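Below: coords32.pdb (PDB, C-alpha atoms)
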```pdb
ATOM      1  CA  MET Y1137       1.300  65.480 226.191
ATOM      2  CA  ARG Y1138       0.634  61.788 226.349
ATOM      3  CA  ALA Y1139      -2.894  62.241 224.985
ATOM      4  CA  THR Y1140      -1.536  64.314 222.091
ATOM      5  CA  HIS Y1141       1.064  61.669 221.351
ATOM      6  CA  GLU Y1142      -1.625  58.989 221.499
ATOM      7  CA  ASN Y1143      -3.818  60.972 219.110
ATOM      8  CA  ASP Y1144      -0.937  61.379 216.690
ATOM      9  CA  ARG Y1145      -0.300  57.669 216.806
ATOM     10  CA  ALA Y1146      -3.994  56.933 216.295
ATOM     11  CA  THR Y1147      -3.925  59.088 213.183
ATOM     12  CA  THR Y1148      -0.844  57.296 211.892
ATOM     13  CA  ASP Y1149      -2.602  54.019 212.596
ATOM     14  CA  GLU Y1150      -5.317  54.975 210.164
ATOM     15  CA  HIS Y1151      -2.737  54.681 207.394
ATOM     16  CA  GLY Y1152      -1.623  51.158 208.018
ATOM     17  CA  ASP Y1153       0.768  51.118 205.087
ATOM     18  CA  GLU Y1154       2.989  53.586 206.956
ATOM     19  CA  LEU Y1155       4.093  50.662 209.103
ATOM     20  CA  ASP Y1156       7.110  49.032 207.507
ATOM     21  CA  PRO Y1157       6.730  45.187 207.353
ATOM     22  CA  ARG Y1158      10.070  44.697 209.095
ATOM     23  CA  GLU Y1159       9.000  47.079 211.837
ATOM     24  CA  ALA Y1160       5.635  45.288 212.025
ATOM     25  CA  ALA Y1161       7.389  41.942 212.476
ATOM     26  CA  ARG Y1162       9.490  43.352 215.299
ATOM     27  CA  LEU Y1163       6.439  44.922 216.930
ATOM     28  CA  LEU Y1164       4.478  41.670 216.661
ATOM     29  CA  ALA Y1165       7.306  39.612 218.193
ATOM     30  CA  ARG Y1166       7.819  42.126 220.991
ATOM     31  CA  THR Y1167       4.098  42.355 221.780
ATOM     32  CA  GLU Y1168       3.753  38.562 221.867
ATOM     33  CA  ARG Y1169       6.722  38.317 224.229
ATOM     34  CA  GLU Y1170       5.409  41.065 226.523
ATOM     35  CA  ALA Y1171       1.873  39.635 226.545
ATOM     36  CA  ARG Y1172       3.129  36.146 227.386
ATOM     37  CA  ARG Y1173       5.118  37.620 230.253
ATOM     38  CA  ALA Y1174       2.138  39.668 231.473
ATOM     39  CA  PHE Y1175      -0.289  36.716 231.459
ATOM     40  CA  SER Y1176       2.065  33.976 232.625
ATOM     41  CA  SER Y1177       0.934  32.640 236.004
ATOM     42  CA  SER Y1178       4.157  30.657 236.454
ATOM     43  CA  PRO Y1179       6.941  32.762 234.942
ATOM     44  CA  GLN Y1180      10.372  31.236 234.458
ATOM     45  CA  TRP Y1181      11.981  33.292 237.218
ATOM     46  CA  ILE Y1182       9.539  32.075 239.873
ATOM     47  CA  ASN Y1183      10.004  28.429 238.862
ATOM     48  CA  ALA Y1184      13.786  28.828 239.038
ATOM     49  CA  LEU Y1185      13.511  30.644 242.378
ATOM     50  CA  MET Y1186      11.223  27.982 243.827
ATOM     51  CA  GLY Y1187      13.611  25.278 242.607
ATOM     52  CA  ALA Y1188      16.490  26.950 244.466
ATOM     53  CA  VAL Y1189      14.403  27.488 247.643
ATOM     54  CA  ILE Y1190      13.271  23.864 247.648
ATOM     55  CA  LEU Y1191      16.814  22.590 247.094
ATOM     56  CA  VAL Y1192      18.058  24.600 250.084
ATOM     57  CA  ALA Y1193      15.090  23.523 252.271
ATOM     58  CA  TYR Y1194      15.316  19.813 251.421
ATOM     59  CA  GLY Y1195      19.121  19.955 251.567
ATOM     60  CA  SER Y1196      18.808  21.298 255.121
ATOM     61  CA  LEU Y1197      16.493  18.405 256.026
ATOM     62  CA  TRP Y1198      19.044  15.972 254.632
ATOM     63  CA  LEU Y1199      21.942  17.599 256.508
ATOM     64  CA  SER Y1200      19.887  17.659 259.699
ATOM     65  CA  THR Y1201      19.083  13.932 259.539
ATOM     66  CA  ARG Y1202      22.257  12.571 257.925
ATOM     67  CA  GLY Y1203      23.911   9.816 259.941
ATOM     68  CA  GLN Y1204      21.023   9.350 262.398
ATOM     69  CA  HIS Y1205      20.786   5.778 263.709
ATOM     70  CA  PRO Y1206      18.001   5.265 264.568
ATOM     71  CA  TYR Y1207      16.248   7.959 262.568
ATOM     72  CA  ARG Y1208      14.850  10.712 264.807
ATOM     73  CA  GLY Y1209      13.849  13.262 262.171
ATOM     74  CA  PRO Y1210      15.022  16.818 261.436
ATOM     75  CA  SER Y1211      15.624  19.400 264.164
ATOM     76  CA  LEU Y1212      12.851  21.875 264.979
ATOM     77  CA  GLY Y1213      14.924  24.751 263.601
ATOM     78  CA  VAL Y1214      15.224  23.054 260.222
ATOM     79  CA  VAL Y1215      11.525  22.201 260.179
ATOM     80  CA  ALA Y1216      10.736  25.880 260.893
ATOM     81  CA  LEU Y1217      13.092  26.928 258.076
ATOM     82  CA  VAL Y1218      11.365  24.552 255.647
ATOM     83  CA  TYR Y1219       7.879  25.745 256.598
ATOM     84  CA  THR Y1220       8.988  29.374 256.235
ATOM     85  CA  ALA Y1221      10.533  28.677 252.818
ATOM     86  CA  VAL Y1222       7.396  26.880 251.628
ATOM     87  CA  ALA Y1223       5.161  29.686 252.950
ATOM     88  CA  VAL Y1224       7.266  32.373 251.228
ATOM     89  CA  ALA Y1225       7.334  30.428 247.938
ATOM     90  CA  PHE Y1226       3.572  29.843 248.147
ATOM     91  CA  ALA Y1227       2.847  33.523 248.886
ATOM     92  CA  ALA Y1228       5.063  34.620 245.977
ATOM     93  CA  SER Y1229       3.292  32.185 243.628
ATOM     94  CA  VAL Y1230      -0.156  33.414 244.704
ATOM     95  CA  ARG Y1231       0.898  37.028 244.202
ATOM     96  CA  VAL Y1232       2.269  36.322 240.716
ATOM     97  CA  TYR Y1233      -0.823  34.279 239.807
ATOM     98  CA  ARG Y1234      -3.182  37.054 240.919
ATOM     99  CA  ARG Y1235      -1.274  39.689 238.985
ATOM    100  CA  ALA Y1236      -1.120  37.540 235.839
ATOM    101  CA  THR Y1237      -4.798  36.636 235.836
ATOM    102  CA  ALA Y1238      -6.170  40.069 236.823
ATOM    103  CA  GLY Y1239      -8.881  41.029 234.345
ATOM    104  CA  VAL Y1240      -8.763  37.641 232.604
ATOM    105  CA  SER Y1241     -11.934  35.576 232.503
ATOM    106  CA  GLY Y1242     -13.228  32.638 230.531
ATOM    107  CA  PRO Y1243     -12.959  28.867 230.266
ATOM    108  CA  SER Y1244      -9.232  28.655 231.061
ATOM    109  CA  THR Y1245      -9.521  30.410 234.445
ATOM    110  CA  GLY Y1246     -12.130  27.909 235.668
ATOM    111  CA  ARG Y1247      -9.960  25.043 234.421
ATOM    112  CA  GLN Y1248      -6.901  26.443 236.233
ATOM    113  CA  ARG Y1249      -8.860  26.690 239.493
ATOM    114  CA  VAL Y1250      -9.946  23.048 239.238
ATOM    115  CA  GLU Y1251      -6.348  22.000 238.502
ATOM    116  CA  GLY Y1252      -5.164  23.996 241.511
ATOM    117  CA  VAL Y1253      -7.705  22.292 243.769
ATOM    118  CA  ALA Y1254      -6.647  18.842 242.453
ATOM    119  CA  ILE Y1255      -2.972  19.593 243.206
ATOM    120  CA  LEU Y1256      -3.786  21.033 246.633
ATOM    121  CA  VAL Y1257      -6.011  18.095 247.634
ATOM    122  CA  SER Y1258      -3.413  15.537 246.535
ATOM    123  CA  PHE Y1259      -0.711  17.458 248.430
ATOM    124  CA  VAL Y1260      -2.674  18.010 251.634
ATOM    125  CA  LEU Y1261      -4.298  14.584 251.869
ATOM    126  CA  GLY Y1262      -1.892  12.175 250.174
ATOM    127  CA  SER Y1263       1.056  12.032 252.542
ATOM    128  CA  PRO Y1264      -0.739  12.522 255.912
ATOM    129  CA  VAL Y1265      -3.194   9.705 255.133
ATOM    130  CA  LEU Y1266      -0.347   7.292 254.367
ATOM    131  CA  GLN Y1267       1.601   8.445 257.434
ATOM    132  CA  GLY Y1268      -1.440   7.931 259.656
ATOM    133  CA  ALA Y1269      -2.143   4.474 258.278
ATOM    134  CA  LEU Y1270       1.484   3.359 258.608
ATOM    135  CA  ARG Y1271       1.768   4.795 262.139
ATOM    136  CA  HIS Y1272      -1.420   2.939 263.022
ATOM    137  CA  ASP Y1273       0.167  -0.295 261.779
ATOM    138  CA  GLY Y1274       3.299   0.325 263.857
ATOM    139  CA  ALA Y1275       5.737   1.343 261.094
ATOM    140  CA  SER Y1276       9.060   2.822 262.224
ATOM    141  CA  ASP Y1277       9.811   6.565 262.528
ATOM    142  CA  ALA Y1278      12.182   6.211 259.592
ATOM    143  CA  ILE Y1279       9.260   5.291 257.357
ATOM    144  CA  VAL Y1280       6.530   7.495 258.892
ATOM    145  CA  TYR Y1281       8.616  10.684 259.365
ATOM    146  CA  GLY Y1282      11.382  10.141 256.834
ATOM    147  CA  MET Y1283      10.627   8.145 253.742
ATOM    148  CA  ILE Y1284       6.861   8.828 253.413
ATOM    149  CA  PRO Y1285       6.812  12.649 253.847
ATOM    150  CA  ALA Y1286       9.745  12.957 251.431
ATOM    151  CA  ALA Y1287       8.651  10.484 248.749
ATOM    152  CA  ALA Y1288       4.846  10.279 248.897
ATOM    153  CA  PRO Y1289       3.989  13.921 248.047
ATOM    154  CA  LEU Y1290       6.248  13.718 244.997
ATOM    155  CA  ILE Y1291       4.632  10.510 243.732
ATOM    156  CA  ILE Y1292       1.050  11.606 244.495
ATOM    157  CA  VAL Y1293       1.233  15.260 243.407
ATOM    158  CA  GLY Y1294       3.531  14.360 240.496
ATOM    159  CA  THR Y1295       1.019  11.809 239.219
ATOM    160  CA  THR Y1296      -1.799  14.365 239.487
ATOM    161  CA  ALA Y1297       0.325  16.873 237.562
ATOM    162  CA  LEU Y1298       1.125  14.180 234.951
ATOM    163  CA  GLY Y1299      -2.603  13.750 234.301
ATOM    164  CA  ILE Y1300      -3.160  17.513 234.052
ATOM    165  CA  ALA Y1301      -0.193  17.936 231.690
ATOM    166  CA  ALA Y1302      -1.310  15.063 229.463
ATOM    167  CA  GLY Y1303      -4.836  16.514 229.287
ATOM    168  CA  LYS Y1304      -3.462  19.869 228.112
ATOM    169  CA  ALA Y1305      -0.697  18.369 225.937
ATOM    170  CA  ASP Y1306       1.690  20.560 227.953
ATOM    171  CA  TRP Y1307       4.882  18.569 227.343
ATOM    172  CA  PRO Y1308       7.281  20.725 229.404
ATOM    173  CA  LEU Y1309       4.930  20.269 232.376
ATOM    174  CA  PHE Y1310       4.632  16.550 231.579
ATOM    175  CA  GLY Y1311       8.435  16.220 231.646
ATOM    176  CA  ALA Y1312       8.661  18.148 234.927
ATOM    177  CA  ALA Y1313       5.927  16.006 236.514
ATOM    178  CA  LEU Y1314       7.667  12.836 235.316
ATOM    179  CA  ALA Y1315      10.915  14.047 236.936
ATOM    180  CA  VAL Y1316       9.021  14.644 240.196
ATOM    181  CA  VAL Y1317       7.421  11.171 240.176
ATOM    182  CA  THR Y1318      10.793   9.569 239.364
ATOM    183  CA  GLY Y1319      12.372  11.525 242.227
ATOM    184  CA  GLY Y1320       9.646  10.258 244.547
ATOM    185  CA  VAL Y1321      10.276   6.655 243.505
ATOM    186  CA  VAL Y1322      14.040   7.062 244.045
ATOM    187  CA  ALA Y1323      13.406   8.735 247.421
ATOM    188  CA  ALA Y1324      11.382   5.727 248.536
ATOM    189  CA  PHE Y1325      14.446   3.475 248.219
ATOM    190  CA  VAL Y1326      17.374   5.494 249.562
ATOM    191  CA  GLY Y1327      16.602   5.577 253.268
ATOM    192  CA  PRO Y1328      14.904   8.250 255.401
ATOM    193  CA  SER Y1329      17.698  10.822 255.257
ATOM    194  CA  GLY Y1330      18.671  10.247 251.626
ATOM    195  CA  ALA Y1331      14.979  10.550 250.726
ATOM    196  CA  TRP Y1332      15.086  14.280 251.536
ATOM    197  CA  LEU Y1333      18.101  14.801 249.303
ATOM    198  CA  ALA Y1334      16.601  12.778 246.435
ATOM    199  CA  ALA Y1335      13.327  14.701 246.741
ATOM    200  CA  GLY Y1336      15.096  18.073 246.817
ATOM    201  CA  ILE Y1337      17.263  17.298 243.801
ATOM    202  CA  SER Y1338      14.361  15.981 241.725
ATOM    203  CA  LEU Y1339      12.151  18.990 242.556
ATOM    204  CA  PHE Y1340      15.012  21.334 241.689
ATOM    205  CA  ILE Y1341      15.600  19.549 238.355
ATOM    206  CA  ALA Y1342      11.863  19.548 237.593
ATOM    207  CA  LEU Y1343      11.338  23.250 238.335
ATOM    208  CA  VAL Y1344      14.512  24.565 236.704
ATOM    209  CA  GLY Y1345      14.060  22.182 233.756
ATOM    210  CA  TYR Y1346      10.473  23.375 233.331
ATOM    211  CA  ALA Y1347      11.627  27.004 233.358
ATOM    212  CA  ALA Y1348      14.301  26.210 230.750
ATOM    213  CA  ALA Y1349      11.890  24.228 228.539
ATOM    214  CA  ASP Y1350       9.359  27.055 228.747
ATOM    215  CA  ALA Y1351      12.027  29.578 227.742
ATOM    216  CA  LEU Y1352      13.089  27.412 224.791
ATOM    217  CA  GLN Y1353       9.514  26.829 223.668
ATOM    218  CA  HIS Y1354       8.764  30.540 223.639
ATOM    219  CA  ARG Y1355      11.950  31.698 222.008
ATOM    220  CA  SER Y1356      11.070  34.634 219.770
ATOM    221  CA  VAL Y1357      11.697  33.244 216.271
ATOM    222  CA  PRO Y1358       8.364  33.639 214.509
ATOM    223  CA  LEU Y1359       9.492  36.135 211.901
ATOM    224  CA  ARG Y1360      12.667  37.322 210.288
ATOM    225  CA  ALA Y1361      13.015  40.888 211.426
TER
ATOM    226  CA  MET J 947       3.899  39.937 197.486
ATOM    227  CA  THR J 948       3.818  43.586 198.654
ATOM    228  CA  ALA J 949       2.933  45.369 201.878
ATOM    229  CA  ASP J 950      -0.473  46.164 200.319
ATOM    230  CA  SER J 951      -1.425  42.507 200.689
ATOM    231  CA  LEU J 952      -1.258  42.817 204.502
ATOM    232  CA  ASP J 953      -4.625  43.012 206.264
ATOM    233  CA  PRO J 954      -5.147  46.787 206.718
ATOM    234  CA  VAL J 955      -7.259  46.284 209.838
ATOM    235  CA  ILE J 956      -4.344  44.644 211.657
ATOM    236  CA  HIS J 957      -1.494  46.412 209.879
ATOM    237  CA  ALA J 958      -1.487  49.421 212.192
ATOM    238  CA  PRO J 959       0.739  49.596 215.290
ATOM    239  CA  THR J 960      -1.933  49.921 217.959
ATOM    240  CA  ARG J 961      -4.341  47.411 216.432
ATOM    241  CA  LEU J 962      -1.514  44.946 215.857
ATOM    242  CA  ARG J 963      -0.592  45.239 219.532
ATOM    243  CA  ILE J 964      -4.208  44.809 220.625
ATOM    244  CA  VAL J 965      -4.750  41.679 218.534
ATOM    245  CA  ALA J 966      -1.371  40.143 219.452
ATOM    246  CA  THR J 967      -2.011  40.794 223.154
ATOM    247  CA  LEU J 968      -5.466  39.207 223.088
ATOM    248  CA  ALA J 969      -4.106  36.260 221.082
ATOM    249  CA  ALA J 970      -1.700  35.497 223.949
ATOM    250  CA  LEU J 971      -4.708  34.435 226.045
ATOM    251  CA  PRO J 972      -6.152  30.929 225.703
ATOM    252  CA  GLU J 973      -8.901  30.691 223.092
ATOM    253  CA  ALA J 974     -12.301  32.106 224.160
ATOM    254  CA  ASP J 975     -10.842  33.882 227.211
ATOM    255  CA  SER J 976     -11.673  37.550 227.741
ATOM    256  CA  LEU J 977      -9.654  40.471 229.025
ATOM    257  CA  SER J 978     -11.070  43.434 230.878
ATOM    258  CA  PHE J 979     -10.822  46.833 229.208
ATOM    259  CA  THR J 980      -8.811  48.247 232.115
ATOM    260  CA  ARG J 981      -6.258  45.409 232.070
ATOM    261  CA  LEU J 982      -5.832  45.717 228.287
ATOM    262  CA  GLN J 983      -5.388  49.453 228.666
ATOM    263  CA  ASP J 984      -2.848  48.847 231.414
ATOM    264  CA  VAL J 985      -0.871  46.257 229.414
ATOM    265  CA  LEU J 986      -0.756  48.411 226.274
ATOM    266  CA  GLU J 987      -0.377  51.744 228.109
ATOM    267  CA  LEU J 988      -3.011  53.468 225.998
ATOM    268  CA  THR J 989      -5.526  56.180 226.810
ATOM    269  CA  PRO J 990      -9.153  54.972 227.039
ATOM    270  CA  GLY J 991     -10.174  57.089 224.030
ATOM    271  CA  ASN J 992      -7.440  55.713 221.794
ATOM    272  CA  LEU J 993      -8.147  52.135 222.843
ATOM    273  CA  ILE J 994     -11.893  52.525 222.232
ATOM    274  CA  THR J 995     -11.260  53.901 218.721
ATOM    275  CA  HIS J 996      -9.173  50.900 217.724
ATOM    276  CA  LEU J 997     -11.393  48.360 219.456
ATOM    277  CA  ARG J 998     -14.335  49.676 217.468
ATOM    278  CA  LYS J 999     -12.485  49.145 214.181
ATOM    279  CA  LEU J1000     -11.500  45.621 215.151
ATOM    280  CA  GLU J1001     -15.025  44.855 216.316
ATOM    281  CA  ASP J1002     -16.476  46.175 213.059
ATOM    282  CA  ALA J1003     -14.184  43.771 211.195
ATOM    283  CA  GLY J1004     -15.457  40.891 213.354
ATOM    284  CA  TYR J1005     -12.023  40.300 214.909
ATOM    285  CA  LEU J1006     -13.178  40.792 218.472
ATOM    286  CA  VAL J1007     -16.293  41.157 220.568
ATOM    287  CA  THR J1008     -16.775  43.455 223.522
ATOM    288  CA  GLU J1009     -19.290  42.848 226.258
ATOM    289  CA  THR J1010     -20.272  45.269 228.991
ATOM    290  CA  THR J1011     -21.888  44.023 232.175
ATOM    291  CA  GLY J1012     -23.242  46.044 235.097
ATOM    292  CA  ASN J1013     -24.128  49.716 235.259
ATOM    293  CA  GLY J1014     -22.370  52.952 236.130
ATOM    294  CA  ARG J1015     -19.181  52.605 238.156
ATOM    295  CA  ALA J1016     -19.710  48.885 238.565
ATOM    296  CA  SER J1017     -19.766  48.301 234.818
ATOM    297  CA  ARG J1018     -17.089  46.071 233.354
ATOM    298  CA  THR J1019     -16.176  45.744 229.708
ATOM    299  CA  SER J1020     -14.494  42.561 228.567
ATOM    300  CA  ILE J1021     -12.929  41.951 225.190
ATOM    301  CA  THR J1022     -12.609  38.590 223.468
ATOM    302  CA  LEU J1023     -10.683  37.836 220.298
ATOM    303  CA  THR J1024     -12.928  35.879 217.934
ATOM    304  CA  SER J1025     -11.748  32.832 216.006
ATOM    305  CA  GLN J1026     -11.913  35.059 212.941
ATOM    306  CA  GLY J1027      -9.573  37.533 214.647
ATOM    307  CA  ARG J1028      -7.192  34.752 215.662
ATOM    308  CA  ALA J1029      -7.169  33.427 212.095
ATOM    309  CA  ALA J1030      -6.617  36.952 210.727
ATOM    310  CA  LEU J1031      -3.564  37.421 212.980
ATOM    311  CA  ALA J1032      -2.171  34.042 211.896
ATOM    312  CA  ALA J1033      -2.701  34.987 208.240
ATOM    313  CA  TYR J1034      -1.111  38.393 208.861
ATOM    314  CA  ALA J1035       1.954  36.801 210.515
ATOM    315  CA  GLY J1036       2.194  34.332 207.614
ATOM    316  CA  ALA J1037       2.000  37.154 205.070
ATOM    317  CA  LEU J1038       4.682  39.107 206.951
ATOM    318  CA  ARG J1039       6.913  36.031 207.033
ATOM    319  CA  GLU J1040       6.495  35.552 203.303
ATOM    320  CA  LEU J1041       7.097  39.214 202.631
ATOM    321  CA  LEU J1042      10.283  39.327 204.691
ATOM    322  CA  GLY J1043      11.468  36.010 203.305
ATOM    323  CA  SER J1044      11.227  37.277 199.765
ATOM    324  CA  ALA J1045      12.781  40.654 200.630
TER
END
```

What would the structure in this file look like if it were written as structure tokens?
Amino acid sequence: MRATHENDRATTDEHGDELDPREAARLLARTEREARRAFSSSPQWINALMGAVILVAYGSLWLSTRGQHPYRGPSLGVVALVYTAVAVAFAASVRVYRRATAGVSGPSTGRQRVEGVAILVSFVLGSPVLQGALRHDGASDAIVYGMIPAAAPLIIVGTTALGIAAGKADWPLFGAALAVVTGGVVAAFVGPSGAWLAAGISLFIALVGYAAADALQHRSVPLRA
Amino acid sequence: MTADSLDPVIHAPTRLRIVATLAALPEADSLSFTRLQDVLELTPGNLITHLRKLEDAGYLVTETTGNGRASRTSITLTSQGRAALAAYAGALRELLGSA
């Protein structure tokens, strides 16, 4: 039945003028919207979801360390919760990325891989190197296990993302990266416990703001139909 | 301006969907035949028919690599195809604006 229907449609397609311009405009807008959704490796829903997960995870770190004098760091339970949340968010992102890029090849896929490696390297190396160096120099736990792990990844990864966004003229991403870097700078000055809250809020704003900016940018208004 | 002024190669539902879908990819990127078929929910025969027409017009190029079951066909929208879609959308806009 489907093949017959397809054949009928193929025949109709031969007579292009049977497609009403208004109908064509609607079809074009709908196809563009569906294609964008199909090929988007960071859809709005996953950015919003990750923003919420990060806010809860960092909020838990803040609650767990609030009022500590001297700073001892978050409880093991909270650390486990944060690692689980990050692992789940990472797995979901990988799954979405794989589905979006299945069957796609060309210059942009290679570029995306290089960008991914740059982000990963700055995330994995940036904060631990600083923590190690500061520990070596006898810095306090508040700095090594509070301020640095909360603020440094945001400043380092955010700056890397700023460069990537500027190179692609991706202004929503540029704005999100700027919010992350700003959050990192604020986190560096509000104490070890407050740093987690500042980091969580800025990441939430960046991710949800990016999702909103992306939605606005791709609003379907190309044609009157 | 009338509907006759619309590019007849693109002004057909399936071909319009094919071109608009490929145009959603970054320039010079390719899409595999199977993924395009999956996104558009078309039968292989129908898709091949329309791809041939678009290829004949110079709007896309198809490239097959490998042999037998391992063969993979990828489709790339040419800059001419991208420009044709932009011109088609512009013509539609003008047509609907004057309607």

Would you write out, as CSV, a table of all residues in chain J that have an atom no more than 12 Å from an atom of segment 1170-1174 of chain Y, listing for each the closest atom pair and the distance in Å to one decimal, considering all atoms listed in the file and ordering rows by chain and rising residue number?
```
residue,atom,partner,partner_atom,distance
J:Arg963,CA,Y:Ala1171,CA,9.3
J:Ile964,CA,Y:Ala1171,CA,9.9
J:Val965,CA,Y:Ala1171,CA,10.6
J:Ala966,CA,Y:Ala1171,CA,7.8
J:Thr967,CA,Y:Ala1171,CA,5.3
J:Leu968,CA,Y:Ala1171,CA,8.1
J:Ala969,CA,Y:Ala1171,CA,8.8
J:Ala970,CA,Y:Arg1172,CA,6.0
J:Leu971,CA,Y:Arg1172,CA,8.1
J:Pro972,CA,Y:Arg1172,CA,10.8
J:Leu977,CA,Y:Ala1171,CA,11.8
J:Arg981,CA,Y:Ala1174,CA,10.2
J:Leu982,CA,Y:Ala1171,CA,10.0
J:Asp984,CA,Y:Ala1174,CA,10.4
J:Val985,CA,Y:Ala1174,CA,7.5
J:Leu986,CA,Y:Ala1171,CA,9.2
```

Evaluate the PyMOL selection byres ((chain J and resi 993) around 12) here and jot the selected residues down as a PDB file with C-alpha atoms, in the coordinates of the input.
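New file out.pdb:
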```
ATOM      1  CA  ALA Y1139      -2.894  62.241 224.985  1.00  0.00           C
ATOM      2  CA  GLU Y1142      -1.625  58.989 221.499  1.00  0.00           C
ATOM      3  CA  ASN Y1143      -3.818  60.972 219.110  1.00  0.00           C
ATOM      4  CA  ARG Y1145      -0.300  57.669 216.806  1.00  0.00           C
ATOM      5  CA  ALA Y1146      -3.994  56.933 216.295  1.00  0.00           C
ATOM      6  CA  ASP Y1149      -2.602  54.019 212.596  1.00  0.00           C
TER       7      ASP Y1149
ATOM      8  CA  PRO J 959       0.739  49.596 215.290  1.00  0.00           C
ATOM      9  CA  THR J 960      -1.933  49.921 217.959  1.00  0.00           C
ATOM     10  CA  ARG J 961      -4.341  47.411 216.432  1.00  0.00           C
ATOM     11  CA  ARG J 963      -0.592  45.239 219.532  1.00  0.00           C
ATOM     12  CA  ILE J 964      -4.208  44.809 220.625  1.00  0.00           C
ATOM     13  CA  VAL J 965      -4.750  41.679 218.534  1.00  0.00           C
ATOM     14  CA  PHE J 979     -10.822  46.833 229.208  1.00  0.00           C
ATOM     15  CA  THR J 980      -8.811  48.247 232.115  1.00  0.00           C
ATOM     16  CA  ARG J 981      -6.258  45.409 232.070  1.00  0.00           C
ATOM     17  CA  LEU J 982      -5.832  45.717 228.287  1.00  0.00           C
ATOM     18  CA  GLN J 983      -5.388  49.453 228.666  1.00  0.00           C
ATOM     19  CA  ASP J 984      -2.848  48.847 231.414  1.00  0.00           C
ATOM     20  CA  VAL J 985      -0.871  46.257 229.414  1.00  0.00           C
ATOM     21  CA  LEU J 986      -0.756  48.411 226.274  1.00  0.00           C
ATOM     22  CA  GLU J 987      -0.377  51.744 228.109  1.00  0.00           C
ATOM     23  CA  LEU J 988      -3.011  53.468 225.998  1.00  0.00           C
ATOM     24  CA  THR J 989      -5.526  56.180 226.810  1.00  0.00           C
ATOM     25  CA  PRO J 990      -9.153  54.972 227.039  1.00  0.00           C
ATOM     26  CA  GLY J 991     -10.174  57.089 224.030  1.00  0.00           C
ATOM     27  CA  ASN J 992      -7.440  55.713 221.794  1.00  0.00           C
ATOM     28  CA  ILE J 994     -11.893  52.525 222.232  1.00  0.00           C
ATOM     29  CA  THR J 995     -11.260  53.901 218.721  1.00  0.00           C
ATOM     30  CA  HIS J 996      -9.173  50.900 217.724  1.00  0.00           C
ATOM     31  CA  LEU J 997     -11.393  48.360 219.456  1.00  0.00           C
ATOM     32  CA  ARG J 998     -14.335  49.676 217.468  1.00  0.00           C
ATOM     33  CA  LYS J 999     -12.485  49.145 214.181  1.00  0.00           C
ATOM     34  CA  LEU J1000     -11.500  45.621 215.151  1.00  0.00           C
ATOM     35  CA  GLU J1001     -15.025  44.855 216.316  1.00  0.00           C
ATOM     36  CA  ILE J1021     -12.929  41.951 225.190  1.00  0.00           C
TER      37      ILE J1021
END
```

Original post:
Once the PyMOL selection byres ((chain J and resi 1025-1029) around 9) has been applied to the shown file, what residues remain in the selection, as a PyMOL selection string?
Top reply: chain J and resi 965-966+968-969+973-974+1000+1003-1006+1023-1024+1030-1034

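Restricting the calculation to only C-alpha atoms, the smallest distance between chain J and any of Y:Leu1266, Y:Leu1199, Y:Ile1300, Y:His1354 is found for Y:His1354.
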
Judged by only C-alpha atoms, the minimum distance to chain J among Y:Val1240, Y:Ala1254, Y:Val1230, Y:Ala1221 is found for Y:Val1240

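The smallest atom-to-atom distance between chain J and any of Y:Ser1196, Y:Gln1248, Y:Thr1201, Y:Ser1229, using all atoms listed in the file, is found for Y:Gln1248.
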
Practice problem: Any chance you could resolve the PyMOL selection byres ((chain Y and resi 1283) around 9) against this file and give the residues as number ranges by chain? | Solution: Y: 1277-1282, 1284-1288, 1323-1332

From atom CA of Ala1193 of chain Y to atom CA of Val1214 of chain Y the spacing works out at 8.0 Å

Min atom-atom distance to Leu952 of chain J from the set J:Ala1016, J:Leu1042, J:Ala1037, J:Val1007, counting only C-alpha atoms, belongs to J:Ala1037

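Reported to one decimal place, the separation of atom CA of Tyr1194 of chain Y from atom CA of Gly1336 of chain Y is 4.9 Å.
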
In Å and to one decimal, atom CA of Pro1289 of chain Y is distant from atom CA of Gly1320 of chain Y by 7.6 Å

Report as a count of residues only all protein, DNA and RNA residues lying within 12 Å of Val1224 of chain Y, evaluated on all atoms listed in the file, omitting residues in the same chain fewer than 4 positions from it. 14

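Using only C-alpha atoms, the nearest neighbour of chain J within the list Y:Arg1247, Y:Arg1158, Y:His1205, Y:His1272 is Y:Arg1158.
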